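Below: protein-v6.pdb (PDB, C-alpha atoms)
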```pdb
ATOM      1  CA  MET F   4      60.067 173.670  97.808
ATOM      2  CA  ALA F   5      59.141 174.121 101.412
ATOM      3  CA  LEU F   6      61.927 174.431 103.929
ATOM      4  CA  ILE F   7      61.617 172.212 106.957
ATOM      5  CA  THR F   8      62.948 174.124 109.918
ATOM      6  CA  THR F   9      63.415 172.801 113.410
ATOM      7  CA  LYS F  10      63.296 175.459 116.033
ATOM      8  CA  VAL F  11      66.537 175.457 117.993
ATOM      9  CA  ARG F  12      66.673 177.056 121.410
ATOM     10  CA  THR F  13      69.441 177.541 123.911
ATOM     11  CA  PHE F  14      69.250 175.507 127.103
ATOM     12  CA  GLU F  15      71.262 175.840 130.261
ATOM     13  CA  VAL F  16      72.391 172.482 131.547
ATOM     14  CA  SER F  17      73.979 171.858 134.955
ATOM     15  CA  VAL F  18      76.696 169.262 135.406
ATOM     16  CA  VAL F  19      77.776 168.282 138.919
ATOM     17  CA  ILE F  20      80.842 166.042 139.297
ATOM     18  CA  SER F  21      81.421 164.578 142.738
ATOM     19  CA  ASN F  22      83.266 161.702 144.336
ATOM     20  CA  LYS F  23      81.206 158.511 144.463
ATOM     21  CA  PRO F  24      79.779 157.513 147.829
ATOM     22  CA  GLY F  25      82.573 155.859 149.803
ATOM     23  CA  VAL F  26      85.355 157.829 148.099
ATOM     24  CA  ARG F  27      86.836 160.275 150.624
ATOM     25  CA  GLU F  28      86.439 163.942 149.749
ATOM     26  CA  PRO F  29      88.898 165.910 151.919
ATOM     27  CA  GLU F  30      87.731 169.417 150.975
ATOM     28  CA  GLY F  31      84.177 168.781 152.190
ATOM     29  CA  GLU F  32      85.573 167.072 155.297
ATOM     30  CA  THR F  33      87.670 170.153 156.104
ATOM     31  CA  ILE F  34      84.729 172.525 155.562
ATOM     32  CA  LEU F  35      82.654 170.361 157.902
ATOM     33  CA  HIS F  36      85.186 169.757 160.659
ATOM     34  CA  ASP F  37      87.153 173.005 160.687
ATOM     35  CA  LEU F  38      84.441 175.521 159.880
ATOM     36  CA  VAL F  39      80.856 174.324 160.114
ATOM     37  CA  ALA F  40      81.040 171.998 163.125
ATOM     38  CA  LYS F  41      83.232 174.477 165.023
ATOM     39  CA  SER F  42      80.683 177.214 164.431
ATOM     40  CA  GLY F  43      77.798 175.517 166.170
ATOM     41  CA  PHE F  44      76.004 173.974 163.199
ATOM     42  CA  ASP F  45      75.891 170.615 164.937
ATOM     43  CA  ASP F  46      73.037 169.316 162.809
ATOM     44  CA  VAL F  47      75.166 169.389 159.660
ATOM     45  CA  LYS F  48      76.359 165.796 159.278
ATOM     46  CA  SER F  49      78.207 165.718 155.988
ATOM     47  CA  ILE F  50      79.598 168.048 153.327
ATOM     48  CA  ARG F  51      80.866 166.897 149.951
ATOM     49  CA  ALA F  52      82.593 169.356 147.639
ATOM     50  CA  GLY F  53      82.563 168.818 143.895
ATOM     51  CA  LYS F  54      82.841 170.525 140.548
ATOM     52  CA  TYR F  55      80.032 172.367 138.820
ATOM     53  CA  LEU F  56      79.812 173.156 135.102
ATOM     54  CA  ARG F  57      77.023 175.269 133.650
ATOM     55  CA  VAL F  58      76.723 174.430 129.963
ATOM     56  CA  SER F  59      74.751 176.410 127.373
ATOM     57  CA  VAL F  60      73.693 174.207 124.521
ATOM     58  CA  ALA F  61      71.620 174.733 121.382
ATOM     59  CA  ALA F  62      69.022 171.982 121.027
ATOM     60  CA  PRO F  63      65.451 171.474 119.762
ATOM     61  CA  ASP F  64      64.157 170.582 123.244
ATOM     62  CA  ALA F  65      65.230 169.988 126.846
ATOM     63  CA  LYS F  66      65.469 166.222 126.436
ATOM     64  CA  ALA F  67      67.857 166.561 123.490
ATOM     65  CA  ALA F  68      69.914 169.138 125.391
ATOM     66  CA  LYS F  69      70.342 166.769 128.328
ATOM     67  CA  LYS F  70      71.210 163.848 126.057
ATOM     68  CA  MET F  71      73.867 165.865 124.235
ATOM     69  CA  VAL F  72      75.535 167.001 127.470
ATOM     70  CA  GLU F  73      75.460 163.453 128.867
ATOM     71  CA  ARG F  74      77.117 162.173 125.701
ATOM     72  CA  MET F  75      79.743 164.943 125.951
ATOM     73  CA  CYS F  76      80.484 164.033 129.577
ATOM     74  CA  ASN F  77      80.881 160.348 128.753
ATOM     75  CA  GLU F  78      82.849 160.660 125.516
ATOM     76  CA  LEU F  79      85.278 163.323 126.750
ATOM     77  CA  ARG F  80      85.585 161.833 130.222
ATOM     78  CA  ILE F  81      84.477 165.065 131.856
ATOM     79  CA  PHE F  82      84.403 162.846 134.952
ATOM     80  CA  ASN F  83      86.551 159.842 135.833
ATOM     81  CA  PRO F  84      84.142 156.910 136.169
ATOM     82  CA  ALA F  85      86.554 155.103 138.512
ATOM     83  CA  ALA F  86      86.016 157.690 141.243
ATOM     84  CA  HIS F  87      83.320 160.186 140.246
ATOM     85  CA  SER F  88      79.635 160.313 139.634
ATOM     86  CA  CYS F  89      78.218 162.857 137.197
ATOM     87  CA  GLU F  90      74.759 164.362 137.464
ATOM     88  CA  VAL F  91      73.284 166.195 134.474
ATOM     89  CA  THR F  92      70.131 168.302 134.822
ATOM     90  CA  VAL F  93      68.495 170.841 132.528
ATOM     91  CA  GLY F  94      68.259 174.255 134.119
ATOM     92  CA  ARG F  95      70.481 176.586 136.082
ATOM     93  CA  THR F  96      69.914 174.668 139.289
ATOM     94  CA  PRO F  97      71.396 171.192 139.576
ATOM     95  CA  GLY F  98      69.282 168.272 140.637
ATOM     96  CA  VAL F  99      65.866 169.840 139.897
TER      97      VAL F  99
ATOM     98  CA  MET J  20     116.890 153.236 121.945
ATOM     99  CA  ARG J  21     115.018 156.353 120.840
ATOM    100  CA  VAL J  22     112.751 157.783 123.515
ATOM    101  CA  ALA J  23     110.122 160.447 122.858
ATOM    102  CA  VAL J  24     109.508 162.793 125.797
ATOM    103  CA  ILE J  25     106.160 164.406 125.039
ATOM    104  CA  ARG J  26     105.774 168.045 125.949
ATOM    105  CA  PHE J  27     102.354 169.595 126.461
ATOM    106  CA  PRO J  28     101.518 173.177 127.355
ATOM    107  CA  GLY J  29     102.268 173.199 131.092
ATOM    108  CA  SER J  30     104.774 170.324 131.166
ATOM    109  CA  ASN J  31     107.673 171.378 133.407
ATOM    110  CA  CYS J  32     109.739 168.252 134.084
ATOM    111  CA  ASP J  33     110.367 167.612 130.390
ATOM    112  CA  LEU J  34     113.902 169.017 130.241
ATOM    113  CA  ASP J  35     114.944 167.225 133.460
ATOM    114  CA  MET J  36     113.631 164.015 131.916
ATOM    115  CA  VAL J  37     115.541 164.527 128.665
ATOM    116  CA  SER J  38     118.763 165.313 130.504
ATOM    117  CA  SER J  39     118.364 162.278 132.806
ATOM    118  CA  LEU J  40     117.633 159.949 129.890
ATOM    119  CA  ALA J  41     120.572 161.307 127.886
ATOM    120  CA  LYS J  42     122.960 160.025 130.587
ATOM    121  CA  ILE J  43     121.825 156.429 130.091
ATOM    122  CA  ARG J  44     123.973 154.407 127.745
ATOM    123  CA  GLY J  45     122.088 153.495 124.574
ATOM    124  CA  VAL J  46     119.249 155.951 125.109
ATOM    125  CA  GLN J  47     118.640 158.895 122.790
ATOM    126  CA  PRO J  48     115.859 161.077 124.153
ATOM    127  CA  LYS J  49     114.000 163.592 122.034
ATOM    128  CA  LEU J  50     111.620 166.283 123.148
ATOM    129  CA  VAL J  51     108.430 166.010 121.076
ATOM    130  CA  TRP J  52     105.755 168.724 121.058
ATOM    131  CA  HIS J  53     102.341 167.100 121.533
ATOM    132  CA  GLU J  54     101.123 168.264 118.124
ATOM    133  CA  GLU J  55     104.062 166.671 116.321
ATOM    134  CA  ASP J  56     103.721 163.352 114.569
ATOM    135  CA  LEU J  57     104.535 160.309 116.657
ATOM    136  CA  SER J  58     105.190 156.999 114.951
ATOM    137  CA  ASP J  59     106.814 153.764 116.000
ATOM    138  CA  MET J  60     109.156 154.142 113.041
ATOM    139  CA  ASP J  61     110.859 156.907 114.949
ATOM    140  CA  TYR J  62     110.635 155.872 118.593
ATOM    141  CA  ASP J  63     111.160 152.806 120.763
ATOM    142  CA  ALA J  64     109.643 154.186 123.969
ATOM    143  CA  ILE J  65     107.520 157.089 125.179
ATOM    144  CA  VAL J  66     107.734 159.154 128.349
ATOM    145  CA  LEU J  67     105.040 161.522 129.613
ATOM    146  CA  PRO J  68     106.863 163.895 131.986
ATOM    147  CA  GLY J  69     105.551 165.753 135.020
ATOM    148  CA  GLY J  70     104.057 169.210 135.135
ATOM    149  CA  PHE J  71     100.650 170.805 134.955
ATOM    150  CA  THR J  72      99.395 169.992 131.460
ATOM    151  CA  PHE J  73      96.779 172.518 130.347
ATOM    152  CA  GLY J  74      97.004 174.125 133.786
ATOM    153  CA  ASP J  75      95.298 171.145 135.457
ATOM    154  CA  ARG J  76      92.010 172.514 134.050
ATOM    155  CA  LEU J  77      89.030 170.266 134.677
ATOM    156  CA  ARG J  78      91.261 167.749 136.477
ATOM    157  CA  ALA J  79      94.986 167.009 136.521
ATOM    158  CA  GLY J  80      95.798 165.249 133.236
ATOM    159  CA  ALA J  81      92.218 165.233 131.930
ATOM    160  CA  ILE J  82      92.673 167.531 128.944
ATOM    161  CA  ALA J  83      95.980 166.052 127.752
ATOM    162  CA  ALA J  84      94.333 162.623 128.062
ATOM    163  CA  SER J  85      91.823 163.531 125.337
ATOM    164  CA  SER J  86      94.429 165.072 123.016
ATOM    165  CA  PRO J  87      95.303 163.536 119.629
ATOM    166  CA  ALA J  88      98.800 162.813 121.003
ATOM    167  CA  LEU J  89      97.342 160.388 123.523
ATOM    168  CA  SER J  90      95.412 158.484 120.840
ATOM    169  CA  LYS J  91      98.773 157.889 119.191
ATOM    170  CA  VAL J  92     100.377 156.905 122.503
ATOM    171  CA  LYS J  93      97.524 154.425 123.024
ATOM    172  CA  ALA J  94      98.095 152.853 119.621
ATOM    173  CA  LEU J  95     101.839 152.552 120.278
ATOM    174  CA  ALA J  96     101.242 151.127 123.770
ATOM    175  CA  GLU J  97      99.021 148.456 122.217
ATOM    176  CA  LYS J  98     101.927 147.526 119.958
ATOM    177  CA  GLY J  99     103.999 146.921 123.100
ATOM    178  CA  LEU J 100     106.144 150.067 123.201
ATOM    179  CA  PRO J 101     107.266 150.934 126.745
ATOM    180  CA  VAL J 102     105.319 153.971 128.014
ATOM    181  CA  LEU J 103     106.243 155.714 131.270
ATOM    182  CA  GLY J 104     104.159 158.422 132.955
ATOM    183  CA  VAL J 105     105.700 160.371 135.815
ATOM    184  CA  CYS J 106     103.581 162.464 138.193
ATOM    185  CA  ASN J 107     101.321 164.475 135.867
ATOM    186  CA  GLY J 108     102.267 161.927 133.180
ATOM    187  CA  PHE J 109     100.804 159.221 135.447
ATOM    188  CA  GLN J 110      97.673 161.347 135.870
ATOM    189  CA  VAL J 111      97.406 161.618 132.062
ATOM    190  CA  LEU J 112      97.733 157.815 131.689
ATOM    191  CA  VAL J 113      95.006 157.244 134.281
ATOM    192  CA  GLU J 114      92.683 159.845 132.762
ATOM    193  CA  SER J 115      93.199 158.431 129.273
ATOM    194  CA  GLY J 116      92.221 154.956 130.463
ATOM    195  CA  LEU J 117      95.646 153.457 129.627
ATOM    196  CA  LEU J 118      95.958 152.714 133.336
ATOM    197  CA  PRO J 119      93.034 152.008 135.651
ATOM    198  CA  GLY J 120      91.786 154.155 138.525
ATOM    199  CA  ALA J 121      91.940 157.811 139.481
ATOM    200  CA  LEU J 122      94.443 160.120 141.182
ATOM    201  CA  LEU J 123      92.479 162.218 143.632
ATOM    202  CA  ARG J 124      93.331 165.234 145.757
ATOM    203  CA  ASN J 125      95.749 164.288 148.557
ATOM    204  CA  ALA J 126      93.886 163.418 151.765
ATOM    205  CA  GLY J 127      95.596 166.249 153.664
ATOM    206  CA  LEU J 128      94.730 168.729 150.864
ATOM    207  CA  ASN J 129      98.401 169.759 150.759
ATOM    208  CA  PHE J 130     100.768 169.794 147.839
ATOM    209  CA  VAL J 131     103.303 167.285 149.201
ATOM    210  CA  CYS J 132     106.895 167.930 148.188
ATOM    211  CA  LYS J 133     109.497 165.672 149.823
ATOM    212  CA  TRP J 134     111.877 162.736 149.431
ATOM    213  CA  VAL J 135     110.166 159.396 149.975
ATOM    214  CA  ASP J 136     111.026 155.701 149.887
ATOM    215  CA  ILE J 137     109.204 153.364 147.539
ATOM    216  CA  ARG J 138     109.389 149.584 147.336
ATOM    217  CA  VAL J 139     109.559 147.726 144.041
ATOM    218  CA  GLU J 140     106.626 145.284 143.965
ATOM    219  CA  ASN J 141     106.704 144.024 140.383
ATOM    220  CA  THR J 142     109.913 143.385 138.444
ATOM    221  CA  LYS J 143     108.278 142.284 135.210
ATOM    222  CA  THR J 144     107.521 145.738 133.820
ATOM    223  CA  SER J 145     109.535 147.605 131.192
ATOM    224  CA  PHE J 146     110.721 150.012 133.875
ATOM    225  CA  THR J 147     111.546 147.638 136.716
ATOM    226  CA  ARG J 148     112.911 144.572 134.962
ATOM    227  CA  SER J 149     116.499 145.286 135.997
ATOM    228  CA  LEU J 150     115.485 145.760 139.652
ATOM    229  CA  LYS J 151     115.078 143.266 142.467
ATOM    230  CA  GLN J 152     111.708 142.605 144.076
ATOM    231  CA  GLY J 153     111.455 144.445 147.396
ATOM    232  CA  ARG J 154     114.234 146.893 146.573
ATOM    233  CA  VAL J 155     113.711 150.275 148.229
ATOM    234  CA  LEU J 156     114.275 153.346 146.067
ATOM    235  CA  ARG J 157     114.561 156.977 147.174
ATOM    236  CA  MET J 158     112.901 159.624 145.064
ATOM    237  CA  PRO J 159     111.119 162.921 145.569
ATOM    238  CA  ILE J 160     107.381 163.433 145.180
ATOM    239  CA  ALA J 161     105.799 166.795 144.374
ATOM    240  CA  HIS J 162     102.075 166.740 143.778
ATOM    241  CA  GLY J 163      98.645 167.753 145.037
ATOM    242  CA  GLU J 164      96.640 164.961 143.376
ATOM    243  CA  GLY J 165      98.326 161.628 143.993
ATOM    244  CA  ARG J 166      95.855 159.686 146.082
ATOM    245  CA  TYR J 167      95.353 156.567 144.001
ATOM    246  CA  TYR J 168      91.779 155.317 144.019
ATOM    247  CA  LEU J 169      90.121 152.282 142.487
ATOM    248  CA  GLY J 170      86.867 150.574 143.496
ATOM    249  CA  ALA J 171      87.321 147.748 146.033
ATOM    250  CA  ARG J 172      86.709 144.855 143.649
ATOM    251  CA  GLU J 173      88.914 146.245 140.889
ATOM    252  CA  LEU J 174      91.628 147.094 143.406
ATOM    253  CA  GLU J 175      91.621 143.509 144.614
ATOM    254  CA  ARG J 176      92.000 142.297 141.048
ATOM    255  CA  LEU J 177      94.830 144.798 140.429
ATOM    256  CA  GLU J 178      96.640 143.443 143.497
ATOM    257  CA  GLN J 179      96.050 139.823 142.490
ATOM    258  CA  GLU J 180      97.473 140.496 139.052
ATOM    259  CA  GLY J 181     100.560 142.051 140.649
ATOM    260  CA  ARG J 182      99.970 145.340 138.890
ATOM    261  CA  VAL J 183     100.989 147.529 141.794
ATOM    262  CA  VAL J 184     104.551 148.383 140.749
ATOM    263  CA  PHE J 185     105.659 150.717 143.559
ATOM    264  CA  ARG J 186     104.431 151.240 147.113
ATOM    265  CA  TYR J 187     105.383 153.965 149.596
ATOM    266  CA  CYS J 188     107.357 152.494 152.484
ATOM    267  CA  ASP J 189     109.840 153.429 155.211
ATOM    268  CA  PRO J 190     113.613 153.226 154.569
ATOM    269  CA  SER J 191     113.621 149.584 155.694
ATOM    270  CA  GLY J 192     110.908 148.682 153.171
ATOM    271  CA  ARG J 193     108.058 148.403 155.634
ATOM    272  CA  VAL J 194     104.720 149.559 154.200
ATOM    273  CA  GLY J 195     102.465 151.335 156.690
ATOM    274  CA  LYS J 196     100.197 154.259 157.351
ATOM    275  CA  GLU J 197     103.100 156.397 158.602
ATOM    276  CA  SER J 198     104.897 156.025 155.257
ATOM    277  CA  ASN J 199     101.807 156.990 153.238
ATOM    278  CA  PRO J 200     102.259 160.641 152.222
ATOM    279  CA  THR J 201      98.880 161.290 150.563
ATOM    280  CA  GLY J 202      96.302 158.800 151.815
ATOM    281  CA  THR J 203      96.758 156.781 148.620
ATOM    282  CA  LEU J 204      95.020 153.378 148.754
ATOM    283  CA  HIS J 205      97.293 150.450 149.727
ATOM    284  CA  ASN J 206     100.253 152.901 149.744
ATOM    285  CA  ILE J 207     100.209 152.752 145.937
ATOM    286  CA  ALA J 208     102.846 154.950 144.280
ATOM    287  CA  GLY J 209     102.773 153.337 140.823
ATOM    288  CA  VAL J 210     100.809 150.822 138.749
ATOM    289  CA  CYS J 211     101.093 149.137 135.347
ATOM    290  CA  ASN J 212      98.834 147.746 132.627
ATOM    291  CA  LYS J 213      98.254 144.001 132.153
ATOM    292  CA  GLU J 214     101.186 143.624 129.771
ATOM    293  CA  GLY J 215     103.601 145.604 131.964
ATOM    294  CA  ASN J 216     104.750 147.930 129.178
ATOM    295  CA  VAL J 217     102.772 150.914 130.475
ATOM    296  CA  VAL J 218     103.836 152.177 133.911
ATOM    297  CA  GLY J 219     102.807 155.269 135.838
ATOM    298  CA  LEU J 220     104.252 156.532 139.117
ATOM    299  CA  MET J 221     103.887 159.668 141.208
ATOM    300  CA  PRO J 222     107.541 159.955 142.414
ATOM    301  CA  HIS J 223     110.047 161.625 140.087
ATOM    302  CA  PRO J 224     112.850 159.294 138.950
ATOM    303  CA  GLU J 225     114.301 162.081 136.788
ATOM    304  CA  ARG J 226     114.868 164.188 139.921
ATOM    305  CA  ALA J 227     116.899 161.383 141.457
ATOM    306  CA  THR J 228     119.582 160.779 138.870
ATOM    307  CA  GLU J 229     122.312 163.066 140.289
ATOM    308  CA  PRO J 230     123.968 162.032 143.585
ATOM    309  CA  LEU J 231     124.644 165.732 144.182
ATOM    310  CA  LEU J 232     120.919 166.494 144.280
ATOM    311  CA  ASP J 233     119.971 163.646 146.627
ATOM    312  CA  PRO J 234     120.440 164.353 150.361
ATOM    313  CA  GLU J 235     121.624 160.733 150.722
ATOM    314  CA  GLY J 236     123.901 160.945 147.696
ATOM    315  CA  LEU J 237     122.090 158.215 145.773
ATOM    316  CA  ALA J 238     120.710 158.219 142.227
ATOM    317  CA  ASP J 239     117.953 155.622 142.443
ATOM    318  CA  GLY J 240     115.780 157.221 139.778
ATOM    319  CA  ALA J 241     118.347 156.286 137.148
ATOM    320  CA  LEU J 242     117.648 152.610 137.898
ATOM    321  CA  VAL J 243     114.017 152.995 136.811
ATOM    322  CA  LEU J 244     114.823 154.988 133.679
ATOM    323  CA  SER J 245     117.638 152.663 132.594
ATOM    324  CA  SER J 246     115.471 149.564 133.030
ATOM    325  CA  MET J 247     113.725 150.208 129.729
ATOM    326  CA  ALA J 248     117.060 150.004 127.925
ATOM    327  CA  SER J 249     118.240 146.888 129.760
ATOM    328  CA  ARG J 250     118.468 143.647 127.829
ATOM    329  CA  SER J 251     117.119 141.395 130.523
ATOM    330  CA  PRO J 252     113.746 139.853 129.616
ATOM    331  CA  ARG J 253     110.660 141.910 130.242
TER     332      ARG J 253
END
```
Translate the structure described by the file into structure tokens.
Amino acid sequence: MALITTKVRTFEVSVVISNKPGVREPEGETILHDLVAKSGFDDVKSIRAGKYLRVSVAAPDAKAAKKMVERMCNELRIFNPAAHSCEVTVGRTPGV
Amino acid sequence: MRVAVIRFPGSNCDLDMVSSLAKIRGVQPKLVWHEEDLSDMDYDAIVLPGGFTFGDRLRAGAIAASSPALSKVKALAEKGLPVLGVCNGFQVLVESGLLPGALLRNAGLNFVCKWVDIRVENTKTSFTRSLKQGRVLRMPIAHGEGRYYLGARELERLEQEGRVVFRYCDPSGRVGKESNPTGTLHNIAGVCNKEGNVVGLMPHPERATEPLLDPEGLADGALVLSSMASRSPR
């Protein structure tokens, strides 16, 4: 009897949790007003701080890895949908 | 009335809560470890005390909110049992979805620790039914994440349904920007579910049950805690 094996690889998945647009984010505001703007970086218009999780997950392919992490974030309320948005991307760099 | 005070790793207002509840006539509080069994055969009400459950990892209240204990609390809340969340307990209720919204980092980024005045806005809940509408209560707050947030449309609905239970105000009961300690929307200090049996608030009623410990010599927190044992209709 032949064994059917699916090759499982490890993927790095980036999760960025940030306040939704319109929800004040005081840490980013402080970084902007009390550090960046005071230091001459006048072209910087906005800074939003958030939370970053780097997740290693075993999955057959990148699409499955992303899907699994998205399901984890939704089911375990890794973010609070009332106030946060959650961005999941495969790779060590978010949003690519 | 048997009241379960649920203790998680990191709870730190649990013993104050038990001792405050024990002073109320007809109330028998019991400290319950979060992994212990919780059934409505044993308890008539549930309190989630303040603290830093699971070290505030991920987000204040987020990990306790997904614990098996909270699934049981949800089931009991659906049966109509009074459930009170104070400070981190309120954060747990919000994160578990038992109450709507989110409690975000205070606008000033500071941990705010001081006595405040709050106005009773809804007297139909399990924890305010013996109080008068508009009554001003003095209690301390002590938190870093107490800025209540809810999307504009949902917030409007929450207000229309009268589900804001407490609002920060000045000693005369006036609600304004200057009496808002954290940038919380609409000066919200506490909200309830549709049925009014689940209430969460950021101020600490259990720290305001001894006249000796209140600079004004009051004990307003006892009025909130004793409401659940009062016989007047919910």
* So how far away is atom CA of Ala248 of chain J from atom CA of Glu225 of chain J, in Å? ->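 These two atoms are separated by 15.2 Å.
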* Give the residues of chain J that lie within 8 Å of chain F; count all atoms listed in the file, and format the answer as a list in words. => Leu77, Ala81, Ser85, Glu114, Pro119, Gly120, Ala121, Arg124, Asn125, Ala126, Gly127, Leu128, Tyr168, Leu169 and Gly170 of chain J
* Asked: Which residues come within 9 Å of Ser245 of chain J, counting all atoms listed in the file, excluding same-chain residues fewer than 3 positions away, as a VMD selection string?
  -> chain J and resid 40 43 to 44 46 146 to 147 149 240 to 242 248 to 249
* Care to translate the PyMOL selection byres ((chain F and resi 10-21) around 9) into actual residues of this file, as a PyMOL selection string? -> chain F and resi 8-9+22-24+28+51-65+68-69+72-73+76+81-82+86-98
* **Atom-to-atom span, atom CA of Pro234 of chain J and atom CA of Gln110 of chain J, Å** =>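 Separating atom CA of Pro234 of chain J from atom CA of Gln110 of chain J is a distance of 27.2 Å.
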* Figure out the distance between atom CA of Ser115 of chain J and atom CA of Ser90 of chain J, please, to one decimal in Å. => 8.7 Å
Name all residues at most 6 Å from Ala238 of chain J (count all atoms listed in the file; drop same-chain ones fewer than 4 positions away) and give them as a PDB file with C-alpha atoms, in the frame of the given file.
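Dumped everything to result.pdb:
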```pdb
ATOM      1  CA  ALA J 227     116.899 161.383 141.457  1.00  0.00           C
ATOM      2  CA  THR J 228     119.582 160.779 138.870  1.00  0.00           C
ATOM      3  CA  GLU J 229     122.312 163.066 140.289  1.00  0.00           C
ATOM      4  CA  PRO J 230     123.968 162.032 143.585  1.00  0.00           C
TER       5      PRO J 230
END
```
Can you list every residue of segment 39-153 of chain J that has an atom at most 12 Å from segment 173-188 of chain J, with its nearest atom pair and the distance in Å to one decimal, using only C-alpha atoms, ordered by chain then number, as CSV?
```
residue,atom,partner,partner_atom,distance
J:Leu118,CA,J:Arg182,CA,10.1
J:Pro119,CA,J:Glu173,CA,8.8
J:Gly120,CA,J:Leu174,CA,8.6
J:Ala121,CA,J:Leu174,CA,11.4
J:Trp134,CA,J:Tyr187,CA,10.9
J:Val135,CA,J:Tyr187,CA,7.2
J:Asp136,CA,J:Cys188,CA,5.5
J:Ile137,CA,J:Tyr187,CA,4.4
J:Arg138,CA,J:Arg186,CA,5.2
J:Val139,CA,J:Phe185,CA,4.9
J:Glu140,CA,J:Val184,CA,4.9
J:Asn141,CA,J:Val184,CA,4.9
J:Thr142,CA,J:Val184,CA,7.7
J:Lys143,CA,J:Val184,CA,9.0
J:Thr144,CA,J:Val184,CA,8.0
J:Ser145,CA,J:Val184,CA,10.8
J:Phe146,CA,J:Val184,CA,9.4
J:Thr147,CA,J:Val184,CA,8.1
J:Arg148,CA,J:Val184,CA,10.9
J:Leu150,CA,J:Val184,CA,11.3
J:Lys151,CA,J:Val184,CA,11.8
J:Gln152,CA,J:Val184,CA,9.8
J:Gly153,CA,J:Phe185,CA,9.4
```
Using all atoms of segment 175-180 of chain J listed in the file and a margin of 8 Å per side, can you give the axis-aligned box centre and edge lengths in Å to one decimal, as AutoDock Vina command-line options?
```
--center_x 94.5 --center_y 142.3 --center_z 141.8 --size_x 21.9 --size_y 21.0 --size_z 21.6
```
* **Option closest in space to Lys133 of chain J, from J:Arg157, J:Arg166, J:Lys98, J:Lys42 [counting only C-alpha atoms]** => J:Arg157
* **Matched chain/residue IDs from the PyMOL selection byres ((chain J and resi 24) around 9), as a list of chain:residue names** =>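 Taken over the shown coordinates, the PyMOL selection byres ((chain J and resi 24) around 9) returns J:Val22, J:Ala23, J:Ile25, J:Arg26, J:Asp33, J:Leu34, J:Met36, J:Val37, J:Pro48, J:Lys49, J:Leu50, J:Val51, J:Trp52, J:Ala64, J:Ile65, J:Val66, J:Leu67, J:Pro68.
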* Asked: So which residues get picked by the PyMOL selection byres ((chain J and resi 91) around 12) here, written as a list in words?
  ->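 Evaluating the PyMOL selection byres ((chain J and resi 91) around 12) on this file yields Ile25, His53, Glu54, Glu55, Asp56, Leu57, Ser58, Asp59, Ile65, Ala84, Ser85, Ser86, Pro87, Ala88, Leu89, Ser90, Val92, Lys93, Ala94, Leu95, Ala96, Glu97, Lys98, Leu100, Val102, Ser115 and Leu117 of chain J.
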* **Near-segment 217-223 of chain J list (7 Å; all atoms listed in the file; drop same-chain fewer than 5 positions) as a PyMOL selection string** => chain J and resi 96+101-106+109+158-160+165+208-212
* Out of J:Ser30, J:Ser198, J:Ser39, J:Gln47, which residue has the shortest atom-to-atom distance to Ala79 of chain J when counting all atoms listed in the file? -> J:Ser30
Quick one: segment 68-79 of chain J with N, CA and C atoms, as a JSON list (two decimals), in the frame of the given file?
```json
[["chain", "number", "residue", "atom", "x", "y", "z"],
["J", 68, "PRO", "N", 106.20, 163.31, 130.81],
["J", 68, "PRO", "CA", 106.86, 163.90, 131.99],
["J", 68, "PRO", "C", 105.87, 164.59, 132.91],
["J", 69, "GLY", "N", 106.39, 165.07, 134.04],
["J", 69, "GLY", "CA", 105.55, 165.75, 135.02],
["J", 69, "GLY", "C", 105.28, 167.19, 134.64],
["J", 70, "GLY", "N", 104.40, 167.82, 135.39],
["J", 70, "GLY", "CA", 104.06, 169.21, 135.14],
["J", 70, "GLY", "C", 102.61, 169.48, 135.44],
["J", 71, "PHE", "N", 102.06, 170.42, 134.74],
["J", 71, "PHE", "CA", 100.65, 170.80, 134.96],
["J", 71, "PHE", "C", 100.01, 170.98, 133.59],
["J", 72, "THR", "N", 99.90, 169.88, 132.83],
["J", 72, "THR", "CA", 99.40, 169.99, 131.46],
["J", 72, "THR", "C", 98.06, 170.73, 131.42],
["J", 73, "PHE", "N", 97.98, 171.69, 130.52],
["J", 73, "PHE", "CA", 96.78, 172.52, 130.35],
["J", 73, "PHE", "C", 96.32, 173.11, 131.68],
["J", 74, "GLY", "N", 97.32, 173.44, 132.53],
["J", 74, "GLY", "CA", 97.00, 174.12, 133.79],
["J", 74, "GLY", "C", 96.13, 173.33, 134.74],
["J", 75, "ASP", "N", 96.14, 172.00, 134.60],
["J", 75, "ASP", "CA", 95.30, 171.14, 135.46],
["J", 75, "ASP", "C", 93.81, 171.49, 135.33],
["J", 76, "ARG", "N", 93.43, 172.16, 134.24],
["J", 76, "ARG", "CA", 92.01, 172.51, 134.05],
["J", 76, "ARG", "C", 91.16, 171.25, 134.01],
["J", 77, "LEU", "N", 89.98, 171.35, 134.50],
["J", 77, "LEU", "CA", 89.03, 170.27, 134.68],
["J", 77, "LEU", "C", 89.50, 169.31, 135.75],
["J", 78, "ARG", "N", 90.70, 168.71, 135.53],
["J", 78, "ARG", "CA", 91.26, 167.75, 136.48],
["J", 78, "ARG", "C", 92.68, 167.48, 136.00],
["J", 79, "ALA", "N", 93.59, 167.22, 136.93],
["J", 79, "ALA", "CA", 94.99, 167.01, 136.52],
["J", 79, "ALA", "C", 95.07, 165.91, 135.46]]
```
